[in-house]
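This is start-v2.pdb (PDB, C-alpha atoms).
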```pdb
ATOM      1  CA  MET A   1      40.025 -16.515  26.337
ATOM      2  CA  GLY A   2      42.185 -19.301  24.893
ATOM      3  CA  MET A   3      41.132 -21.716  27.640
ATOM      4  CA  HIS A   4      37.430 -21.087  26.999
ATOM      5  CA  LEU A   5      37.928 -21.692  23.300
ATOM      6  CA  ALA A   6      39.791 -24.946  23.994
ATOM      7  CA  LYS A   7      36.978 -26.162  26.285
ATOM      8  CA  ALA A   8      34.364 -25.243  23.699
ATOM      9  CA  VAL A   9      36.212 -27.126  20.964
ATOM     10  CA  ALA A  10      36.669 -30.139  23.249
ATOM     11  CA  ASN A  11      32.970 -30.146  24.138
ATOM     12  CA  LEU A  12      32.009 -29.782  20.491
ATOM     13  CA  TRP A  13      34.244 -32.730  19.573
ATOM     14  CA  ARG A  14      32.703 -34.873  22.357
ATOM     15  CA  VAL A  15      29.180 -33.997  21.188
ATOM     16  CA  ALA A  16      30.060 -34.644  17.541
ATOM     17  CA  THR A  17      31.512 -38.047  18.335
ATOM     18  CA  GLY A  18      28.575 -38.968  20.562
ATOM     19  CA  LYS A  19      30.669 -39.199  23.708
ATOM     20  CA  ALA A  20      28.870 -36.372  25.521
ATOM     21  CA  PRO A  21      25.335 -34.935  25.534
ATOM     22  CA  LEU A  22      24.846 -31.494  24.057
ATOM     23  CA  CYS A  23      23.849 -30.149  27.467
ATOM     24  CA  SER A  24      25.051 -31.050  30.899
ATOM     25  CA  SER A  25      21.592 -31.004  32.438
ATOM     26  CA  THR A  26      17.955 -31.397  31.549
ATOM     27  CA  HIS A  27      17.336 -27.842  32.740
ATOM     28  CA  GLN A  28      19.824 -26.469  30.194
ATOM     29  CA  TRP A  29      18.165 -28.562  27.486
ATOM     30  CA  ALA A  30      14.758 -27.099  28.365
ATOM     31  CA  GLN A  31      16.166 -23.568  28.284
ATOM     32  CA  ILE A  32      17.715 -24.110  24.866
ATOM     33  CA  LYS A  33      14.477 -25.609  23.484
ATOM     34  CA  ALA A  34      12.448 -22.678  24.857
ATOM     35  CA  ARG A  35      14.869 -20.152  23.351
ATOM     36  CA  ASP A  36      14.817 -21.927  19.988
ATOM     37  CA  SER A  37      11.014 -22.064  19.913
ATOM     38  CA  ARG A  38      10.795 -18.315  20.688
ATOM     39  CA  MET A  39      13.225 -17.615  17.872
ATOM     40  CA  ALA A  40      11.188 -19.777  15.513
ATOM     41  CA  LEU A  41       8.022 -17.837  16.350
ATOM     42  CA  HIS A  42       9.724 -14.547  15.538
ATOM     43  CA  GLN A  43      10.981 -15.975  12.286
ATOM     44  CA  LEU A  44       7.491 -17.190  11.387
ATOM     45  CA  ARG A  45       6.090 -13.713  11.949
ATOM     46  CA  ILE A  46       8.644 -12.250   9.609
ATOM     47  CA  VAL A  47       8.060 -14.833   6.898
ATOM     48  CA  ASP A  48       4.283 -14.754   7.368
ATOM     49  CA  SER A  49       3.970 -10.978   7.117
ATOM     50  CA  GLN A  50       2.618  -9.658   3.845
ATOM     51  CA  ALA A  51       5.156  -8.216   1.470
ATOM     52  CA  PRO A  52       4.740  -4.501   0.836
ATOM     53  CA  GLY A  53       3.104  -3.536  -2.420
ATOM     54  CA  PHE A  54      -0.244  -3.644  -4.119
ATOM     55  CA  ASN A  55      -2.804  -6.115  -2.831
ATOM     56  CA  LEU A  56      -5.183  -6.371  -5.761
ATOM     57  CA  GLY A  57      -7.133  -9.254  -4.236
ATOM     58  CA  THR A  58      -8.249  -7.389  -1.126
ATOM     59  CA  THR A  59     -11.924  -7.213  -0.178
ATOM     60  CA  ASP A  60     -11.508  -4.222   2.182
ATOM     61  CA  PRO A  61     -13.203  -1.316   0.346
ATOM     62  CA  ALA A  62     -11.002   1.342   1.975
ATOM     63  CA  ARG A  63      -7.854  -0.605   1.086
ATOM     64  CA  ARG A  64      -9.031  -0.993  -2.537
ATOM     65  CA  VAL A  65      -9.600   2.757  -2.887
ATOM     66  CA  PHE A  66      -6.284   3.561  -1.230
ATOM     67  CA  GLU A  67      -4.301   1.163  -3.410
ATOM     68  CA  HIS A  68      -6.016   2.509  -6.523
ATOM     69  CA  TRP A  69      -5.012   6.025  -5.414
ATOM     70  CA  LEU A  70      -1.421   4.784  -5.024
ATOM     71  CA  PHE A  71      -1.491   3.262  -8.502
ATOM     72  CA  VAL A  72      -2.953   6.188 -10.460
ATOM     73  CA  ASN A  73      -0.694   8.695  -8.701
ATOM     74  CA  SER A  74       2.373   6.489  -9.240
ATOM     75  CA  ARG A  75       3.065   6.382  -5.513
ATOM     76  CA  ASN A  76       5.466   3.843  -4.057
ATOM     77  CA  PRO A  77       3.482   1.433  -1.829
ATOM     78  CA  ARG A  78       6.598   0.828   0.270
ATOM     79  CA  ARG A  79       6.815   4.503   1.206
ATOM     80  CA  CYS A  80       3.181   5.571   1.208
ATOM     81  CA  LYS A  81       1.011   3.901   3.845
ATOM     82  CA  MET A  82      -2.659   3.875   4.697
ATOM     83  CA  GLY A  83      -2.497   5.300   8.193
ATOM     84  CA  PRO A  84      -5.442   6.250  10.379
ATOM     85  CA  THR A  85      -5.975   9.647   8.712
ATOM     86  CA  ARG A  86      -6.231   8.233   5.207
ATOM     87  CA  ARG A  87      -8.314   5.260   6.354
ATOM     88  CA  MET A  88     -10.786   7.525   8.200
ATOM     89  CA  ALA A  89     -11.135   9.834   5.187
ATOM     90  CA  ILE A  90     -11.929   6.925   2.866
ATOM     91  CA  GLN A  91     -14.246   5.255   5.377
ATOM     92  CA  ALA A  92     -16.096   8.549   5.911
ATOM     93  CA  ALA A  93     -16.724   8.779   2.146
ATOM     94  CA  LEU A  94     -17.922   5.168   2.116
ATOM     95  CA  ALA A  95     -20.184   5.910   5.091
ATOM     96  CA  MET A  96     -21.737   8.803   3.132
ATOM     97  CA  GLY A  97     -23.012   6.192   0.696
ATOM     98  CA  TYR A  98     -20.434   6.329  -2.092
ATOM     99  CA  ASP A  99     -19.352   2.921  -3.349
ATOM    100  CA  THR A 100     -15.746   1.976  -4.019
ATOM    101  CA  GLU A 101     -16.114   2.237  -7.806
ATOM    102  CA  MET A 102     -17.294   5.852  -7.555
ATOM    103  CA  LEU A 103     -14.472   6.714  -5.175
ATOM    104  CA  MET A 104     -11.988   5.034  -7.511
ATOM    105  CA  ALA A 105     -13.426   7.047 -10.436
ATOM    106  CA  ALA A 106     -12.982  10.240  -8.363
ATOM    107  CA  VAL A 107      -9.370   9.282  -7.685
ATOM    108  CA  GLU A 108      -8.837   8.756 -11.425
ATOM    109  CA  GLY A 109     -10.466  12.086 -12.293
ATOM    110  CA  MET A 110      -8.329  13.951  -9.756
ATOM    111  CA  ALA A 111      -5.142  12.215 -10.900
ATOM    112  CA  ALA A 112      -5.793  13.122 -14.546
ATOM    113  CA  ASP A 113      -6.679  16.768 -13.857
ATOM    114  CA  PRO A 114      -3.648  19.027 -14.402
ATOM    115  CA  LEU A 115      -5.144  21.458 -11.837
ATOM    116  CA  ASP A 116      -4.301  24.516 -13.957
ATOM    117  CA  ALA A 117      -6.771  26.727 -12.098
ATOM    118  CA  VAL A 118      -4.782  26.498  -8.857
ATOM    119  CA  GLY A 119      -3.696  29.985  -7.894
ATOM    120  CA  GLY A 120      -0.707  31.149  -5.930
ATOM    121  CA  GLU A 121       1.981  33.766  -5.658
ATOM    122  CA  SER A 122       4.705  31.632  -7.202
ATOM    123  CA  GLN A 123       5.132  28.419  -9.152
ATOM    124  CA  ALA A 124       6.367  26.722  -5.969
ATOM    125  CA  ALA A 125       3.208  27.769  -4.106
ATOM    126  CA  ARG A 126       1.020  26.455  -6.932
ATOM    127  CA  ASP A 127       2.942  23.168  -6.967
ATOM    128  CA  ARG A 128       2.529  22.781  -3.180
ATOM    129  CA  MET A 129      -1.221  23.415  -3.527
ATOM    130  CA  ARG A 130      -1.481  20.861  -6.346
ATOM    131  CA  ASP A 131       0.360  18.298  -4.218
ATOM    132  CA  ALA A 132      -1.956  18.964  -1.273
ATOM    133  CA  MET A 133      -5.016  18.619  -3.497
ATOM    134  CA  ARG A 134      -3.800  15.260  -4.796
ATOM    135  CA  GLU A 135      -3.788  13.815  -1.273
ATOM    136  CA  ILE A 136      -6.626  11.375  -0.751
ATOM    137  CA  GLU A 137      -7.701  13.021   2.513
ATOM    138  CA  TRP A 138      -8.343  16.286   0.666
ATOM    139  CA  LEU A 139     -10.340  14.591  -2.080
ATOM    140  CA  MET A 140     -12.494  12.505   0.273
ATOM    141  CA  ALA A 141     -13.247  15.384   2.669
ATOM    142  CA  ARG A 142     -16.207  16.840   0.745
ATOM    143  CA  GLU A 143     -19.060  15.386  -1.251
ATOM    144  CA  ALA A 144     -18.739  18.028  -3.989
ATOM    145  CA  ARG A 145     -15.106  17.079  -4.583
ATOM    146  CA  ILE A 146     -15.925  13.385  -4.832
ATOM    147  CA  GLU A 147     -18.818  14.003  -7.226
ATOM    148  CA  ARG A 148     -16.916  16.521  -9.390
ATOM    149  CA  TRP A 149     -13.883  14.316  -9.939
ATOM    150  CA  ALA A 150     -15.955  11.136 -10.226
ATOM    151  CA  GLU A 151     -17.601  12.696 -13.295
ATOM    152  CA  LYS A 152     -14.157  13.405 -14.741
ATOM    153  CA  GLY A 153     -13.116   9.864 -13.870
ATOM    154  CA  ASP A 154     -16.162   8.450 -15.658
ATOM    155  CA  ALA A 155     -15.285  10.504 -18.759
ATOM    156  CA  LEU A 156     -11.726   9.235 -18.550
ATOM    157  CA  ARG A 157     -12.939   5.641 -18.264
ATOM    158  CA  ALA A 158     -15.082   6.142 -21.360
ATOM    159  CA  LEU A 159     -11.978   7.312 -23.233
ATOM    160  CA  VAL A 160     -10.015   4.192 -22.330
ATOM    161  CA  ALA A 161     -13.057   1.867 -22.576
ATOM    162  CA  LEU A 162     -13.095   0.699 -18.963
ATOM    163  CA  PRO A 163     -16.431  -0.489 -17.632
ATOM    164  CA  PRO A 164     -18.385   2.340 -15.967
ATOM    165  CA  PRO A 165     -18.855   2.279 -12.202
ATOM    166  CA  ALA A 166     -21.494  -0.241 -11.187
ATOM    167  CA  ALA A 167     -22.632  -1.976  -8.064
ATOM    168  CA  GLU A 168     -19.836  -4.160  -6.742
ATOM    169  CA  PRO A 169     -20.274  -7.838  -7.526
ATOM    170  CA  LEU A 170     -19.603 -10.247  -4.703
ATOM    171  CA  ALA A 171     -17.160 -12.363  -6.684
ATOM    172  CA  PRO A 172     -15.889 -10.517  -9.765
ATOM    173  CA  ALA A 173     -14.859 -12.738 -12.635
ATOM    174  CA  VAL A 174     -12.217 -10.627 -14.360
ATOM    175  CA  ASP A 175      -9.514 -11.684 -16.743
ATOM    176  CA  PRO A 176      -6.265 -10.605 -15.001
ATOM    177  CA  ALA A 177      -4.482  -9.871 -18.287
ATOM    178  CA  ALA A 178      -7.337  -7.705 -19.549
ATOM    179  CA  GLU A 179      -7.518  -5.886 -16.216
ATOM    180  CA  ALA A 180      -3.751  -5.246 -16.235
ATOM    181  CA  ALA A 181      -3.940  -3.927 -19.810
ATOM    182  CA  ALA A 182      -6.859  -1.661 -18.922
ATOM    183  CA  ARG A 183      -5.003  -0.352 -15.867
ATOM    184  CA  ALA A 184      -1.930   0.377 -17.998
ATOM    185  CA  ARG A 185      -4.058   2.283 -20.560
ATOM    186  CA  LEU A 186      -5.710   4.215 -17.732
ATOM    187  CA  LEU A 187      -2.381   5.184 -16.167
ATOM    188  CA  ALA A 188      -0.971   6.272 -19.535
ATOM    189  CA  ARG A 189      -4.053   8.397 -20.220
ATOM    190  CA  ILE A 190      -3.909   9.974 -16.742
ATOM    191  CA  GLN A 191      -0.266  10.909 -17.189
ATOM    192  CA  ALA A 192      -0.890  12.280 -20.682
ATOM    193  CA  GLN A 193      -3.813  14.421 -19.523
ATOM    194  CA  ARG A 194      -1.954  15.707 -16.482
ATOM    195  CA  GLN A 195       1.089  16.713 -18.561
ATOM    196  CA  GLY A 196      -0.954  18.011 -21.492
ATOM    197  CA  GLY A 197      -2.920  20.458 -19.360
ATOM    198  CA  ARG A 198       0.022  22.274 -17.783
ATOM    199  CA  HIS A 199       1.145  25.517 -19.312
ATOM    200  CA  GLY A 200       4.681  26.899 -19.355
TER     201      GLY A 200
END
```

Serialized structure, structure tokens:
Amino acid sequence: MGMHLAKAVANLWRVATGKAPLCSSTHQWAQIKARDSRMALHQLRIVDSQAPGFNLGTTDPARRVFEHWLFVNSRNPRRCKMGPTRRMAIQAALAMGYDTEMLMAAVEGMAADPLDAVGGESQAARDRMRDAMREIEWLMAREARIERWAEKGDALRALVALPPPAAEPLAPAVDPAAEAAARARLLARIQAQRQGGRHG
């Protein structure tokens, strides 16, 4: 081991002083360049990948609905992903003819509902049912659910003075500060309604 280290140091000194090439052959040089370029590509993929979190500028309707669901339910976007099941549920609702604003209003209505009418043998069973009902796949599975909670979402929006659902503009011109303030008011109202409706 000591001899290899001595040779490596000697070679490094010769390269540093310009008395020896970095590689003993052109073939070794080509191998090192190829390895370095492969490493650079992997590094570019890592740097280029999108950071986890909310992507408010997305134009994908399913992604917009999903990220709104994350926001109003205070879900962590690093831990909660839009997999194929959630994507298919949202896309099925969009295919039925509902626009993203109506689906987002339904998500808001569901998030604000304390779900007091949920029955069950025990408090734990009722809590599990509430959690299951708050999943986006459950909400998007039936037209009646979407329509029922969209009405509640519209009423909630009226309370916090958000614009009602409308046809989606191609290029919305929204003040980011006003939108952030409106989203904060909406989240506060959702949390207040959810907590205010629970008994005991």

Chain and number of each residue from the PyMOL selection byres ((chain A and resi 72) around 7), as a ChimeraX atom specification: /A:68-71,73-74,108,111,187

Evaluate the PyMOL selection byres ((chain A and resi 91-104) around 12) and report residues as a VMD selection string: chain A and resid 59 to 73 82 84 to 90 105 to 111 136 to 154 156 to 157 162 to 169

Write the residues of the preceding selection, restricted to C-alpha atoms, as an mmCIF file, in the coordinates of the input.
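Now in out_2.cif:
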```cif
data_model
loop_
_atom_site.group_PDB
_atom_site.id
_atom_site.type_symbol
_atom_site.label_atom_id
_atom_site.label_comp_id
_atom_site.auth_asym_id
_atom_site.auth_seq_id
_atom_site.Cartn_x
_atom_site.Cartn_y
_atom_site.Cartn_z
ATOM 1 C CA THR A 59 -11.924 -7.213 -0.178
ATOM 2 C CA ASP A 60 -11.508 -4.222 2.182
ATOM 3 C CA PRO A 61 -13.203 -1.316 0.346
ATOM 4 C CA ALA A 62 -11.002 1.342 1.975
ATOM 5 C CA ARG A 63 -7.854 -0.605 1.086
ATOM 6 C CA ARG A 64 -9.031 -0.993 -2.537
ATOM 7 C CA VAL A 65 -9.600 2.757 -2.887
ATOM 8 C CA PHE A 66 -6.284 3.561 -1.230
ATOM 9 C CA GLU A 67 -4.301 1.163 -3.410
ATOM 10 C CA HIS A 68 -6.016 2.509 -6.523
ATOM 11 C CA TRP A 69 -5.012 6.025 -5.414
ATOM 12 C CA LEU A 70 -1.421 4.784 -5.024
ATOM 13 C CA PHE A 71 -1.491 3.262 -8.502
ATOM 14 C CA VAL A 72 -2.953 6.188 -10.460
ATOM 15 C CA ASN A 73 -0.694 8.695 -8.701
ATOM 16 C CA MET A 82 -2.659 3.875 4.697
ATOM 17 C CA PRO A 84 -5.442 6.250 10.379
ATOM 18 C CA THR A 85 -5.975 9.647 8.712
ATOM 19 C CA ARG A 86 -6.231 8.233 5.207
ATOM 20 C CA ARG A 87 -8.314 5.260 6.354
ATOM 21 C CA MET A 88 -10.786 7.525 8.200
ATOM 22 C CA ALA A 89 -11.135 9.834 5.187
ATOM 23 C CA ILE A 90 -11.929 6.925 2.866
ATOM 24 C CA ALA A 105 -13.426 7.047 -10.436
ATOM 25 C CA ALA A 106 -12.982 10.240 -8.363
ATOM 26 C CA VAL A 107 -9.370 9.282 -7.685
ATOM 27 C CA GLU A 108 -8.837 8.756 -11.425
ATOM 28 C CA GLY A 109 -10.466 12.086 -12.293
ATOM 29 C CA MET A 110 -8.329 13.951 -9.756
ATOM 30 C CA ALA A 111 -5.142 12.215 -10.900
ATOM 31 C CA ILE A 136 -6.626 11.375 -0.751
ATOM 32 C CA GLU A 137 -7.701 13.021 2.513
ATOM 33 C CA TRP A 138 -8.343 16.286 0.666
ATOM 34 C CA LEU A 139 -10.340 14.591 -2.080
ATOM 35 C CA MET A 140 -12.494 12.505 0.273
ATOM 36 C CA ALA A 141 -13.247 15.384 2.669
ATOM 37 C CA ARG A 142 -16.207 16.840 0.745
ATOM 38 C CA GLU A 143 -19.060 15.386 -1.251
ATOM 39 C CA ALA A 144 -18.739 18.028 -3.989
ATOM 40 C CA ARG A 145 -15.106 17.079 -4.583
ATOM 41 C CA ILE A 146 -15.925 13.385 -4.832
ATOM 42 C CA GLU A 147 -18.818 14.003 -7.226
ATOM 43 C CA ARG A 148 -16.916 16.521 -9.390
ATOM 44 C CA TRP A 149 -13.883 14.316 -9.939
ATOM 45 C CA ALA A 150 -15.955 11.136 -10.226
ATOM 46 C CA GLU A 151 -17.601 12.696 -13.295
ATOM 47 C CA LYS A 152 -14.157 13.405 -14.741
ATOM 48 C CA GLY A 153 -13.116 9.864 -13.870
ATOM 49 C CA ASP A 154 -16.162 8.450 -15.658
ATOM 50 C CA LEU A 156 -11.726 9.235 -18.550
ATOM 51 C CA ARG A 157 -12.939 5.641 -18.264
ATOM 52 C CA LEU A 162 -13.095 0.699 -18.963
ATOM 53 C CA PRO A 163 -16.431 -0.489 -17.632
ATOM 54 C CA PRO A 164 -18.385 2.340 -15.967
ATOM 55 C CA PRO A 165 -18.855 2.279 -12.202
ATOM 56 C CA ALA A 166 -21.494 -0.241 -11.187
ATOM 57 C CA ALA A 167 -22.632 -1.976 -8.064
ATOM 58 C CA GLU A 168 -19.836 -4.160 -6.742
ATOM 59 C CA PRO A 169 -20.274 -7.838 -7.526
#
```

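A straight line drawn from atom CA of Val160 of chain A to atom CA of Leu186 of chain A is 6.3 Å long.
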
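Here atom CA of Ala112 of chain A is placed at a distance of 9.8 Å from atom CA of Gly196 of chain A.
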
Given the PyMOL selection byres ((chain A and resi 115) around 10), the residues it picks as JSON, numbers by chain: {"A": [110, 111, 112, 113, 114, 116, 117, 118, 119, 126, 127, 129, 130, 131, 133, 134, 194, 197, 198]}

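Taking atom CA of Ala161 of chain A and atom CA of Ala182 of chain A as the two end points, the separation is 8.0 Å.
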